[in-house]
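First up is the structure itself, then whatever we jot down about it.
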Amino acid sequence: MTRKLTPRQVIARSYPSWDYAMADRLTAWLDECGYEIVERGSQHTDASLVPTEPKSAPEVARTM
């Protein structure tokens, strides 16, 4: 049986002594910056974050 950790536990275990306060601050900061922690393999609700076609490189004008 596999052990399933919450995102808070995964972040906290990366700090000495499982620092839950730091994990909460990091999660709040990511949320404030517009990031979201999602389950692995889940479909994101905002499909606009995934580009449909690659952007072409911008043309650079030569001055010579």
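By order in the structure tokens, chains are A, B, ...; within a chain, residues start at 1; ligands start at 1, following the order shown.
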Excluding Asp24 of chain A and its own-chain neighbours fewer than 2 positions away, which residues fall within 12 Å of it when counting only C-alpha atoms? Please give them as a PDB file with N, CA and C atoms, in the first residue's frame.
ATOM      1  N   PRO A   7      -0.109  17.947  -0.422  1.00  0.00           N
ATOM      2  CA  PRO A   7       0.908  18.914  -0.889  1.00  0.00           C
ATOM      3  C   PRO A   7       1.611  19.619   0.276  1.00  0.00           C
ATOM      4  N   ARG A   8       0.886  19.908   1.335  1.00  0.00           N
ATOM      5  CA  ARG A   8       1.478  20.564   2.503  1.00  0.00           C
ATOM      6  C   ARG A   8       2.552  19.680   3.133  1.00  0.00           C
ATOM      7  N   GLN A   9       2.285  18.387   3.236  1.00  0.00           N
ATOM      8  CA  GLN A   9       3.261  17.469   3.818  1.00  0.00           C
ATOM      9  C   GLN A   9       4.487  17.311   2.923  1.00  0.00           C
ATOM     10  N   VAL A  10       4.279  17.270   1.624  1.00  0.00           N
ATOM     11  CA  VAL A  10       5.404  17.126   0.696  1.00  0.00           C
ATOM     12  C   VAL A  10       6.329  18.331   0.795  1.00  0.00           C
ATOM     13  N   ILE A  11       5.754  19.532   0.855  1.00  0.00           N
ATOM     14  CA  ILE A  11       6.572  20.737   0.982  1.00  0.00           C
ATOM     15  C   ILE A  11       7.256  20.765   2.340  1.00  0.00           C
ATOM     16  N   ALA A  12       6.518  20.447   3.402  1.00  0.00           N
ATOM     17  CA  ALA A  12       7.073  20.503   4.755  1.00  0.00           C
ATOM     18  C   ALA A  12       8.227  19.527   4.941  1.00  0.00           C
ATOM     19  N   TRP A  18      10.302  18.812   9.300  1.00  0.00           N
ATOM     20  CA  TRP A  18       8.964  18.945   8.689  1.00  0.00           C
ATOM     21  C   TRP A  18       8.337  20.293   9.086  1.00  0.00           C
ATOM     22  N   ASP A  19       8.842  21.364   8.581  1.00  0.00           N
ATOM     23  CA  ASP A  19       8.420  22.724   8.935  1.00  0.00           C
ATOM     24  C   ASP A  19       7.096  23.076   8.239  1.00  0.00           C
ATOM     25  N   TYR A  20       5.987  22.839   8.943  1.00  0.00           N
ATOM     26  CA  TYR A  20       4.664  23.110   8.379  1.00  0.00           C
ATOM     27  C   TYR A  20       4.396  24.606   8.217  1.00  0.00           C
ATOM     28  N   ALA A  21       4.955  25.436   9.096  1.00  0.00           N
ATOM     29  CA  ALA A  21       4.764  26.883   8.990  1.00  0.00           C
ATOM     30  C   ALA A  21       5.394  27.401   7.695  1.00  0.00           C
ATOM     31  N   MET A  22       6.589  26.912   7.366  1.00  0.00           N
ATOM     32  CA  MET A  22       7.255  27.323   6.127  1.00  0.00           C
ATOM     33  C   MET A  22       6.479  26.804   4.917  1.00  0.00           C
ATOM     34  N   LEU A  26       5.006  29.147   1.978  1.00  0.00           N
ATOM     35  CA  LEU A  26       5.354  28.915   0.585  1.00  0.00           C
ATOM     36  C   LEU A  26       4.098  28.713  -0.265  1.00  0.00           C
ATOM     37  N   THR A  27       3.149  27.956   0.245  1.00  0.00           N
ATOM     38  CA  THR A  27       1.892  27.736  -0.472  1.00  0.00           C
ATOM     39  C   THR A  27       1.133  29.044  -0.644  1.00  0.00           C
ATOM     40  N   ALA A  28       1.093  29.878   0.389  1.00  0.00           N
ATOM     41  CA  ALA A  28       0.416  31.171   0.305  1.00  0.00           C
ATOM     42  C   ALA A  28       1.111  32.079  -0.706  1.00  0.00           C
ATOM     43  N   TRP A  29       2.442  32.060  -0.726  1.00  0.00           N
ATOM     44  CA  TRP A  29       3.198  32.886  -1.671  1.00  0.00           C
ATOM     45  C   TRP A  29       2.942  32.433  -3.106  1.00  0.00           C
ATOM     46  N   LEU A  30       2.951  31.123  -3.343  1.00  0.00           N
ATOM     47  CA  LEU A  30       2.658  30.609  -4.678  1.00  0.00           C
ATOM     48  C   LEU A  30       1.254  31.001  -5.118  1.00  0.00           C
ATOM     49  N   ASP A  31       0.301  30.913  -4.200  1.00  0.00           N
ATOM     50  CA  ASP A  31      -1.076  31.294  -4.507  1.00  0.00           C
ATOM     51  C   ASP A  31      -1.169  32.779  -4.844  1.00  0.00           C
TER      52      ASP A  31
END
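Atom CA of Ile37 of chain A sits 16.1 Å away from atom CA of Arg13 of chain A.
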